[in-house]
>>> print(open('final-v9.cif').read())   # mmCIF, N, CA and C atoms
data_start
#
loop_
_atom_site.label_atom_id
_atom_site.label_comp_id
_atom_site.auth_asym_id
_atom_site.auth_seq_id
_atom_site.Cartn_x
_atom_site.Cartn_y
_atom_site.Cartn_z
N MET A 1 5.53 26.33 1.67
CA MET A 1 5.64 24.98 1.11
C MET A 1 4.28 24.50 0.62
N GLY A 2 3.20 24.81 1.35
CA GLY A 2 1.86 24.37 0.95
C GLY A 2 1.47 24.89 -0.41
N ASP A 3 1.86 26.14 -0.71
CA ASP A 3 1.55 26.71 -2.02
C ASP A 3 2.29 26.00 -3.13
N LEU A 4 3.51 25.57 -2.84
CA LEU A 4 4.29 24.85 -3.85
C LEU A 4 3.62 23.54 -4.26
N LEU A 5 2.96 22.89 -3.30
CA LEU A 5 2.32 21.61 -3.60
C LEU A 5 1.09 21.76 -4.49
N HIS A 6 0.62 22.99 -4.64
CA HIS A 6 -0.49 23.23 -5.58
C HIS A 6 0.01 23.29 -7.01
N ASN A 7 1.31 23.48 -7.17
CA ASN A 7 1.92 23.43 -8.49
C ASN A 7 2.05 21.97 -8.88
N PRO A 8 1.41 21.53 -9.97
CA PRO A 8 1.42 20.11 -10.31
C PRO A 8 2.82 19.56 -10.59
N TYR A 9 3.71 20.38 -11.11
CA TYR A 9 5.07 19.91 -11.38
C TYR A 9 5.82 19.65 -10.08
N PHE A 10 5.69 20.60 -9.15
CA PHE A 10 6.37 20.43 -7.86
C PHE A 10 5.76 19.26 -7.09
N ALA A 11 4.42 19.17 -7.11
CA ALA A 11 3.75 18.08 -6.39
C ALA A 11 4.18 16.72 -6.95
N THR A 12 4.27 16.62 -8.26
CA THR A 12 4.70 15.37 -8.89
C THR A 12 6.13 15.03 -8.48
N ALA A 13 7.02 16.02 -8.53
CA ALA A 13 8.41 15.79 -8.14
C ALA A 13 8.51 15.41 -6.66
N ALA A 14 7.72 16.05 -5.82
CA ALA A 14 7.74 15.74 -4.39
C ALA A 14 7.23 14.32 -4.13
N ASN A 15 6.14 13.94 -4.78
CA ASN A 15 5.62 12.58 -4.62
C ASN A 15 6.62 11.55 -5.13
N PHE A 16 7.26 11.85 -6.25
CA PHE A 16 8.28 10.96 -6.81
C PHE A 16 9.44 10.79 -5.83
N ALA A 17 9.92 11.90 -5.26
CA ALA A 17 11.05 11.85 -4.34
C ALA A 17 10.71 11.07 -3.07
N VAL A 18 9.54 11.36 -2.49
CA VAL A 18 9.14 10.67 -1.27
C VAL A 18 8.95 9.18 -1.52
N THR A 19 8.29 8.84 -2.61
CA THR A 19 8.08 7.43 -2.93
C THR A 19 9.40 6.74 -3.24
N GLY A 20 10.29 7.42 -3.95
CA GLY A 20 11.60 6.83 -4.25
C GLY A 20 12.40 6.53 -3.00
N LEU A 21 12.41 7.47 -2.07
CA LEU A 21 13.12 7.24 -0.81
C LEU A 21 12.47 6.12 0.01
N ALA A 22 11.14 6.13 0.04
CA ALA A 22 10.43 5.06 0.75
C ALA A 22 10.73 3.70 0.11
N MET A 23 10.80 3.67 -1.21
CA MET A 23 11.10 2.42 -1.91
C MET A 23 12.47 1.89 -1.48
N ILE A 24 13.46 2.76 -1.41
CA ILE A 24 14.80 2.35 -0.99
C ILE A 24 14.78 1.80 0.44
N VAL A 25 14.11 2.52 1.34
CA VAL A 25 14.04 2.09 2.73
C VAL A 25 13.29 0.76 2.84
N PHE A 26 12.14 0.66 2.19
CA PHE A 26 11.32 -0.54 2.34
C PHE A 26 11.96 -1.76 1.67
N LEU A 27 12.62 -1.57 0.53
CA LEU A 27 13.33 -2.70 -0.08
C LEU A 27 14.50 -3.14 0.79
N SER A 28 15.14 -2.18 1.47
CA SER A 28 16.22 -2.53 2.40
C SER A 28 15.68 -3.35 3.57
N LEU A 29 14.48 -3.00 4.03
CA LEU A 29 13.87 -3.78 5.12
C LEU A 29 13.51 -5.18 4.65
N PHE A 30 13.00 -5.30 3.41
CA PHE A 30 12.72 -6.63 2.86
C PHE A 30 14.03 -7.43 2.78
N GLU A 31 15.11 -6.77 2.40
CA GLU A 31 16.42 -7.43 2.31
C GLU A 31 16.83 -8.00 3.67
N LEU A 32 16.50 -7.28 4.74
CA LEU A 32 16.86 -7.73 6.09
C LEU A 32 16.09 -8.97 6.52
N VAL A 33 14.85 -9.12 6.04
CA VAL A 33 14.03 -10.24 6.51
C VAL A 33 14.11 -11.47 5.61
N THR A 34 14.72 -11.35 4.44
CA THR A 34 14.87 -12.53 3.59
C THR A 34 16.14 -13.29 3.98
N ARG A 35 16.13 -14.58 3.71
CA ARG A 35 17.28 -15.42 4.07
C ARG A 35 18.36 -15.39 3.00
N TYR A 36 18.09 -14.76 1.89
CA TYR A 36 19.08 -14.68 0.81
C TYR A 36 19.44 -13.22 0.57
N GLN A 37 20.56 -13.01 -0.08
CA GLN A 37 21.02 -11.67 -0.41
C GLN A 37 20.46 -11.31 -1.78
N VAL A 38 19.46 -10.44 -1.81
CA VAL A 38 18.73 -10.13 -3.04
C VAL A 38 19.67 -9.70 -4.15
N TRP A 39 20.50 -8.72 -3.89
CA TRP A 39 21.31 -8.15 -4.97
C TRP A 39 22.39 -9.11 -5.44
N GLU A 40 22.89 -9.95 -4.55
CA GLU A 40 23.85 -10.98 -4.96
C GLU A 40 23.17 -12.02 -5.86
N GLU A 41 21.98 -12.42 -5.48
CA GLU A 41 21.24 -13.40 -6.29
C GLU A 41 20.86 -12.82 -7.64
N LEU A 42 20.52 -11.54 -7.67
CA LEU A 42 20.19 -10.90 -8.95
C LEU A 42 21.42 -10.85 -9.86
N LYS A 43 22.59 -10.59 -9.27
CA LYS A 43 23.83 -10.58 -10.07
C LYS A 43 24.09 -11.95 -10.69
N LYS A 44 23.69 -13.01 -9.98
CA LYS A 44 23.88 -14.38 -10.49
C LYS A 44 22.84 -14.73 -11.56
N GLY A 45 21.82 -13.88 -11.70
CA GLY A 45 20.78 -14.16 -12.69
C GLY A 45 19.64 -15.00 -12.15
N ASN A 46 19.44 -15.00 -10.85
CA ASN A 46 18.38 -15.80 -10.24
C ASN A 46 17.02 -15.17 -10.56
N LEU A 47 16.31 -15.77 -11.52
CA LEU A 47 15.04 -15.22 -11.98
C LEU A 47 13.95 -15.31 -10.91
N ALA A 48 14.00 -16.33 -10.07
CA ALA A 48 13.01 -16.44 -8.99
C ALA A 48 13.13 -15.25 -8.04
N VAL A 49 14.34 -14.85 -7.73
CA VAL A 49 14.56 -13.67 -6.87
C VAL A 49 14.10 -12.41 -7.60
N ALA A 50 14.37 -12.34 -8.90
CA ALA A 50 13.93 -11.18 -9.68
C ALA A 50 12.41 -11.07 -9.67
N LEU A 51 11.71 -12.19 -9.82
CA LEU A 51 10.24 -12.17 -9.79
C LEU A 51 9.73 -11.73 -8.42
N ALA A 52 10.25 -12.33 -7.37
CA ALA A 52 9.80 -11.98 -6.01
C ALA A 52 10.11 -10.52 -5.69
N THR A 53 11.30 -10.06 -6.05
CA THR A 53 11.68 -8.68 -5.78
C THR A 53 10.87 -7.71 -6.64
N GLY A 54 10.67 -8.08 -7.89
CA GLY A 54 9.84 -7.26 -8.77
C GLY A 54 8.43 -7.10 -8.23
N GLY A 55 7.88 -8.18 -7.67
CA GLY A 55 6.56 -8.10 -7.05
C GLY A 55 6.55 -7.17 -5.86
N LYS A 56 7.61 -7.20 -5.08
CA LYS A 56 7.70 -6.29 -3.93
C LYS A 56 7.79 -4.84 -4.40
N ILE A 57 8.60 -4.60 -5.43
CA ILE A 57 8.73 -3.24 -5.97
C ILE A 57 7.38 -2.76 -6.48
N PHE A 58 6.71 -3.59 -7.27
CA PHE A 58 5.40 -3.22 -7.79
C PHE A 58 4.42 -3.00 -6.65
N GLY A 59 4.45 -3.90 -5.66
CA GLY A 59 3.52 -3.79 -4.53
C GLY A 59 3.70 -2.50 -3.76
N ILE A 60 4.94 -2.14 -3.48
CA ILE A 60 5.20 -0.89 -2.75
C ILE A 60 4.75 0.31 -3.58
N ALA A 61 5.12 0.31 -4.86
CA ALA A 61 4.74 1.42 -5.73
C ALA A 61 3.22 1.53 -5.85
N ASN A 62 2.55 0.41 -5.95
CA ASN A 62 1.09 0.42 -6.08
C ASN A 62 0.42 0.95 -4.82
N ILE A 63 0.93 0.55 -3.67
CA ILE A 63 0.39 1.06 -2.41
C ILE A 63 0.57 2.57 -2.34
N PHE A 64 1.73 3.06 -2.74
CA PHE A 64 1.96 4.51 -2.73
C PHE A 64 1.11 5.21 -3.77
N ARG A 65 0.84 4.57 -4.88
CA ARG A 65 -0.04 5.15 -5.90
C ARG A 65 -1.41 5.42 -5.29
N TYR A 66 -1.94 4.43 -4.59
CA TYR A 66 -3.24 4.62 -3.93
C TYR A 66 -3.15 5.67 -2.84
N SER A 67 -2.09 5.61 -2.05
CA SER A 67 -1.95 6.53 -0.93
C SER A 67 -1.86 7.98 -1.41
N ILE A 68 -1.10 8.21 -2.46
CA ILE A 68 -0.97 9.56 -3.01
C ILE A 68 -2.30 10.05 -3.57
N SER A 69 -3.03 9.17 -4.24
CA SER A 69 -4.29 9.60 -4.85
C SER A 69 -5.39 9.83 -3.81
N GLU A 70 -5.26 9.22 -2.64
CA GLU A 70 -6.30 9.34 -1.61
C GLU A 70 -6.03 10.40 -0.55
N HIS A 71 -4.81 10.90 -0.48
CA HIS A 71 -4.44 11.84 0.58
C HIS A 71 -3.86 13.11 -0.01
N VAL A 72 -4.30 14.23 0.53
CA VAL A 72 -3.92 15.53 -0.02
C VAL A 72 -2.47 15.87 0.29
N SER A 73 -2.02 15.61 1.50
CA SER A 73 -0.67 16.01 1.88
C SER A 73 0.32 14.87 1.65
N ILE A 74 1.55 15.26 1.40
CA ILE A 74 2.61 14.26 1.23
C ILE A 74 2.83 13.51 2.54
N GLY A 75 2.73 14.22 3.65
CA GLY A 75 2.89 13.58 4.95
C GLY A 75 1.87 12.47 5.18
N GLN A 76 0.61 12.77 4.88
CA GLN A 76 -0.44 11.75 5.05
C GLN A 76 -0.21 10.58 4.09
N ALA A 77 0.17 10.89 2.87
CA ALA A 77 0.45 9.82 1.89
C ALA A 77 1.59 8.94 2.37
N LEU A 78 2.62 9.54 2.96
CA LEU A 78 3.75 8.77 3.47
C LEU A 78 3.33 7.91 4.66
N ILE A 79 2.55 8.47 5.56
CA ILE A 79 2.09 7.70 6.73
C ILE A 79 1.25 6.51 6.28
N TRP A 80 0.27 6.75 5.41
CA TRP A 80 -0.59 5.66 4.95
C TRP A 80 0.17 4.68 4.07
N GLY A 81 1.10 5.19 3.26
CA GLY A 81 1.92 4.29 2.44
C GLY A 81 2.79 3.39 3.30
N THR A 82 3.32 3.95 4.38
CA THR A 82 4.12 3.15 5.31
C THR A 82 3.26 2.10 5.99
N PHE A 83 2.06 2.48 6.40
CA PHE A 83 1.14 1.51 6.99
C PHE A 83 0.83 0.40 5.99
N GLY A 84 0.60 0.77 4.74
CA GLY A 84 0.35 -0.22 3.70
C GLY A 84 1.54 -1.14 3.51
N TYR A 85 2.75 -0.59 3.56
CA TYR A 85 3.94 -1.41 3.44
C TYR A 85 4.02 -2.43 4.58
N VAL A 86 3.72 -2.00 5.80
CA VAL A 86 3.73 -2.91 6.94
C VAL A 86 2.77 -4.07 6.70
N LEU A 87 1.59 -3.76 6.15
CA LEU A 87 0.64 -4.83 5.83
C LEU A 87 1.20 -5.76 4.75
N LEU A 88 1.88 -5.21 3.77
CA LEU A 88 2.50 -6.03 2.73
C LEU A 88 3.58 -6.93 3.32
N LEU A 89 4.33 -6.41 4.27
CA LEU A 89 5.35 -7.20 4.96
C LEU A 89 4.69 -8.34 5.75
N VAL A 90 3.55 -8.06 6.35
CA VAL A 90 2.81 -9.10 7.07
C VAL A 90 2.40 -10.20 6.09
N CYS A 91 1.97 -9.82 4.89
CA CYS A 91 1.61 -10.82 3.87
C CYS A 91 2.79 -11.73 3.56
N TYR A 92 3.98 -11.16 3.50
CA TYR A 92 5.20 -11.94 3.26
C TYR A 92 5.38 -13.00 4.35
N PHE A 93 5.20 -12.61 5.61
CA PHE A 93 5.37 -13.56 6.71
C PHE A 93 4.25 -14.60 6.73
N ILE A 94 3.04 -14.19 6.39
CA ILE A 94 1.93 -15.16 6.33
C ILE A 94 2.19 -16.19 5.24
N PHE A 95 2.68 -15.76 4.08
CA PHE A 95 3.01 -16.68 2.99
C PHE A 95 4.03 -17.70 3.47
N GLU A 96 5.05 -17.25 4.16
CA GLU A 96 6.07 -18.16 4.70
C GLU A 96 5.44 -19.11 5.72
N PHE A 97 4.57 -18.60 6.56
CA PHE A 97 3.92 -19.41 7.60
C PHE A 97 2.98 -20.46 7.00
N MET A 98 2.32 -20.12 5.89
CA MET A 98 1.32 -21.01 5.29
C MET A 98 1.94 -22.17 4.50
N THR A 99 3.24 -22.20 4.40
CA THR A 99 3.92 -23.28 3.68
C THR A 99 4.90 -23.99 4.62
N PRO A 100 4.38 -24.73 5.59
CA PRO A 100 5.27 -25.35 6.58
C PRO A 100 6.14 -26.47 6.01
N GLY A 101 5.79 -27.00 4.84
CA GLY A 101 6.56 -28.10 4.27
C GLY A 101 7.89 -27.67 3.69
N TYR A 102 8.04 -26.40 3.40
CA TYR A 102 9.30 -25.88 2.88
C TYR A 102 9.38 -24.39 3.18
N LYS A 103 10.58 -23.87 3.07
CA LYS A 103 10.82 -22.45 3.34
C LYS A 103 10.80 -21.68 2.02
N ILE A 104 9.93 -20.69 1.95
CA ILE A 104 9.78 -19.88 0.74
C ILE A 104 11.11 -19.27 0.33
N ASP A 105 11.80 -18.64 1.26
CA ASP A 105 13.06 -17.98 0.94
C ASP A 105 14.10 -18.96 0.40
N ASP A 106 14.15 -20.16 0.98
CA ASP A 106 15.11 -21.17 0.49
C ASP A 106 14.78 -21.57 -0.94
N GLU A 107 13.50 -21.75 -1.23
CA GLU A 107 13.09 -22.13 -2.59
C GLU A 107 13.41 -21.03 -3.59
N ILE A 108 13.16 -19.79 -3.20
CA ILE A 108 13.46 -18.66 -4.09
C ILE A 108 14.97 -18.56 -4.31
N ALA A 109 15.74 -18.74 -3.25
CA ALA A 109 17.21 -18.68 -3.37
C ALA A 109 17.73 -19.79 -4.29
N LYS A 110 17.06 -20.95 -4.29
CA LYS A 110 17.46 -22.05 -5.17
C LYS A 110 17.03 -21.82 -6.61
N GLY A 111 16.25 -20.77 -6.85
CA GLY A 111 15.82 -20.47 -8.21
C GLY A 111 14.51 -21.09 -8.61
N ASN A 112 13.69 -21.48 -7.64
CA ASN A 112 12.39 -22.08 -7.93
C ASN A 112 11.46 -21.01 -8.52
N LEU A 113 11.29 -21.05 -9.85
CA LEU A 113 10.51 -20.02 -10.53
C LEU A 113 9.05 -20.02 -10.14
N ALA A 114 8.49 -21.18 -9.87
CA ALA A 114 7.09 -21.25 -9.48
C ALA A 114 6.85 -20.51 -8.17
N ILE A 115 7.73 -20.71 -7.21
CA ILE A 115 7.60 -20.03 -5.92
C ILE A 115 7.87 -18.54 -6.09
N GLY A 116 8.87 -18.18 -6.89
CA GLY A 116 9.15 -16.77 -7.15
C GLY A 116 7.96 -16.07 -7.79
N PHE A 117 7.31 -16.78 -8.73
CA PHE A 117 6.15 -16.21 -9.40
C PHE A 117 4.98 -16.03 -8.43
N ILE A 118 4.72 -17.02 -7.61
CA ILE A 118 3.63 -16.91 -6.63
C ILE A 118 3.94 -15.80 -5.63
N ALA A 119 5.19 -15.68 -5.20
CA ALA A 119 5.57 -14.59 -4.29
C ALA A 119 5.30 -13.24 -4.94
N MET A 120 5.64 -13.12 -6.23
CA MET A 120 5.38 -11.88 -6.95
C MET A 120 3.88 -11.58 -6.99
N MET A 121 3.08 -12.58 -7.31
CA MET A 121 1.64 -12.36 -7.43
C MET A 121 0.99 -12.05 -6.08
N ILE A 122 1.50 -12.63 -5.02
CA ILE A 122 0.98 -12.29 -3.68
C ILE A 122 1.26 -10.83 -3.37
N SER A 123 2.47 -10.36 -3.66
CA SER A 123 2.80 -8.95 -3.42
C SER A 123 1.93 -8.04 -4.27
N ILE A 124 1.79 -8.37 -5.53
CA ILE A 124 0.98 -7.54 -6.42
C ILE A 124 -0.49 -7.58 -6.02
N GLY A 125 -1.01 -8.78 -5.84
CA GLY A 125 -2.43 -8.92 -5.50
C GLY A 125 -2.81 -8.21 -4.22
N PHE A 126 -2.02 -8.45 -3.17
CA PHE A 126 -2.35 -7.82 -1.90
C PHE A 126 -2.11 -6.32 -1.92
N SER A 127 -1.21 -5.84 -2.78
CA SER A 127 -1.01 -4.39 -2.86
C SER A 127 -2.27 -3.70 -3.35
N TYR A 128 -3.04 -4.36 -4.21
CA TYR A 128 -4.31 -3.78 -4.67
C TYR A 128 -5.33 -3.73 -3.54
N VAL A 129 -5.41 -4.78 -2.76
CA VAL A 129 -6.35 -4.83 -1.63
C VAL A 129 -5.94 -3.80 -0.58
N ILE A 130 -4.66 -3.78 -0.25
CA ILE A 130 -4.17 -2.82 0.74
C ILE A 130 -4.38 -1.40 0.24
N GLY A 131 -3.99 -1.14 -1.00
CA GLY A 131 -4.12 0.20 -1.56
C GLY A 131 -5.55 0.69 -1.57
N ALA A 132 -6.46 -0.18 -1.97
CA ALA A 132 -7.87 0.22 -2.03
C ALA A 132 -8.43 0.50 -0.64
N SER A 133 -7.77 -0.01 0.38
CA SER A 133 -8.23 0.20 1.76
C SER A 133 -7.68 1.50 2.37
N LEU A 134 -6.74 2.14 1.71
CA LEU A 134 -6.11 3.35 2.25
C LEU A 134 -6.93 4.57 1.91
N VAL A 135 -8.09 4.66 2.51
CA VAL A 135 -9.01 5.77 2.20
C VAL A 135 -8.83 6.89 3.20
N ARG A 136 -9.37 8.03 2.83
CA ARG A 136 -9.27 9.22 3.70
C ARG A 136 -10.06 9.05 4.95
#
>>> encode(input="final-v9.cif", output="structure tokens")
Amino acid sequence: MGDLLHNPYFATAANFAVTGLAMIVFLSLFELVTRYQVWEELKKGNLAVALATGGKIFGIANIFRYSISEHVSIGQALIWGTFGYVLLLVCYFIFEFMTPGYKIDDEIAKGNLAIGFIAMMISIGFSYVIGASLVR
């Protein structure tokens, strides 16, 4: 298996597959901690949910981009990418905690685009900080 990972085509496919599966798992975990049903809200056309979810997708992918580029093995990239995801999840809870006057999830569910946009930017912004910290 180690020799296969030296083949750039196989390595790319393996990184794609691992990141794709991680994306599914991590988005499912985000779905569990939000107060709204992401996919139901997206079907309704809730742009605030689309922005917040898009930020999470970008954030997870960006963390894995850094993790893959910094670690030789897929296993190490997955471990560090998972650690980065946990930190991104912590950012989500801190954002909710820092706004005691209202609930972030409730505002996003109501379609508040400003809150959805800020949620997206927090996910994107912190994914760069987290990713840059995932060094060998």
>>> closest_residue(input="final-v9.cif", among="A:Glu40, A:Ala14, A:Ala48, A:His6", to="Glu107 of chain A", atoms="only N, CA and C atoms")
A:Ala48
>>> residues_around(input="final-v9.cif", residues="segment 111-114 of chain A", least_positions_apart="2", cutoff="6.5 Å", atoms="all atoms listed in the file", output="ChimeraX atom specification")
/A:46-49,106-109,116-119
>>> write_last_selection(input="final-v9.cif", atoms="N, CA and C atoms", output="mmCIF file, in the coordinates of the input")
data_model
loop_
_atom_site.group_PDB
_atom_site.id
_atom_site.type_symbol
_atom_site.label_atom_id
_atom_site.label_comp_id
_atom_site.auth_asym_id
_atom_site.auth_seq_id
_atom_site.Cartn_x
_atom_site.Cartn_y
_atom_site.Cartn_z
ATOM 1 N N ASN A 46 19.440 -15.000 -10.850
ATOM 2 C CA ASN A 46 18.380 -15.800 -10.240
ATOM 3 C C ASN A 46 17.020 -15.170 -10.560
ATOM 4 N N LEU A 47 16.310 -15.770 -11.520
ATOM 5 C CA LEU A 47 15.040 -15.220 -11.980
ATOM 6 C C LEU A 47 13.950 -15.310 -10.910
ATOM 7 N N ALA A 48 14.000 -16.330 -10.070
ATOM 8 C CA ALA A 48 13.010 -16.440 -8.990
ATOM 9 C C ALA A 48 13.130 -15.250 -8.040
ATOM 10 N N VAL A 49 14.340 -14.850 -7.730
ATOM 11 C CA VAL A 49 14.560 -13.670 -6.870
ATOM 12 C C VAL A 49 14.100 -12.410 -7.600
ATOM 13 N N ASP A 106 14.150 -20.160 0.980
ATOM 14 C CA ASP A 106 15.110 -21.170 0.490
ATOM 15 C C ASP A 106 14.780 -21.570 -0.940
ATOM 16 N N GLU A 107 13.500 -21.750 -1.230
ATOM 17 C CA GLU A 107 13.090 -22.130 -2.590
ATOM 18 C C GLU A 107 13.410 -21.030 -3.590
ATOM 19 N N ILE A 108 13.160 -19.790 -3.200
ATOM 20 C CA ILE A 108 13.460 -18.660 -4.090
ATOM 21 C C ILE A 108 14.970 -18.560 -4.310
ATOM 22 N N ALA A 109 15.740 -18.740 -3.250
ATOM 23 C CA ALA A 109 17.210 -18.680 -3.370
ATOM 24 C C ALA A 109 17.730 -19.790 -4.290
ATOM 25 N N GLY A 116 8.870 -18.180 -6.890
ATOM 26 C CA GLY A 116 9.150 -16.770 -7.150
ATOM 27 C C GLY A 116 7.960 -16.070 -7.790
ATOM 28 N N PHE A 117 7.310 -16.780 -8.730
ATOM 29 C CA PHE A 117 6.150 -16.210 -9.400
ATOM 30 C C PHE A 117 4.980 -16.030 -8.430
ATOM 31 N N ILE A 118 4.720 -17.020 -7.610
ATOM 32 C CA ILE A 118 3.630 -16.910 -6.630
ATOM 33 C C ILE A 118 3.940 -15.800 -5.630
ATOM 34 N N ALA A 119 5.190 -15.680 -5.200
ATOM 35 C CA ALA A 119 5.570 -14.590 -4.290
ATOM 36 C C ALA A 119 5.300 -13.240 -4.940
#
>>> atom_distance(input="final-v9.cif", atom1="atom N of Glu41 of chain A", atom2="atom N of Leu27 of chain A")
15.5 Å
>>> atom_distance(input="final-v9.cif", atom1="atom CA of Ala52 of chain A", atom2="atom CA of Glu31 of chain A")
11.6 Å
>>> closest_residue(input="final-v9.cif", among="A:Cys91, A:Trp80, A:Met23, A:Ser73", to="Asp3 of chain A", atoms="only C-alpha atoms")
A:Ser73
>>> select_by_dssp(input="final-v9.cif", residues="chain A", states="alpha helix (DSSP H)", output="PyMOL selection string")
chain A and resi 8-33+38-43+47-70+74-97+104-109+113-133
>>> atom_distance(input="final-v9.cif", atom1="atom C of Ala50 of chain A", atom2="atom N of Phe95 of chain A")
17.5 Å
>>> residues_around(input="final-v9.cif", residues="Met120 of chain A", least_positions_apart="6", cutoff="6 Å", atoms="only N, CA and C atoms", output="ChimeraX atom specification")
/A:51-52,54-56
>>> closest_residue(input="final-v9.cif", among="A:Val33, A:Ile57, A:Ile79, A:Leu42", to="Ser127 of chain A", atoms="only C-alpha atoms")
A:Ile57
>>> closest_residue(input="final-v9.cif", among="A:Gly84, A:Pro8, A:Gly125, A:Gly45", to="Phe64 of chain A", atoms="only C-alpha atoms")
A:Gly84
>>> closest_residue(input="final-v9.cif", among="A:Ile68, A:Ile104, A:Ala17, A:Ile130", to="Phe83 of chain A", atoms="all atoms listed in the file")
A:Ile130
>>> closest_residue(input="final-v9.cif", among="A:Tyr36, A:Leu4, A:Leu29, A:Ile94", to="Thr82 of chain A", atoms="only C-alpha atoms")
A:Leu29
>>> resolve_selection(input="final-v9.cif", expression="the PyMOL selection byres (((chain A and resi 70 and name CA) around 10) and name CA)", output="number ranges by chain")
A: 64-69, 71-73, 76-77, 80, 131-136
>>> axis_aligned_box(input="final-v9.cif", around="segment 88-101 of chain A", padding_each_side="8 Å", output="JSON")
{"center_x": 4.6, "center_y": -16.7, "center_z": 5.2, "size_x": 22.6, "size_y": 38.9, "size_z": 20.9}
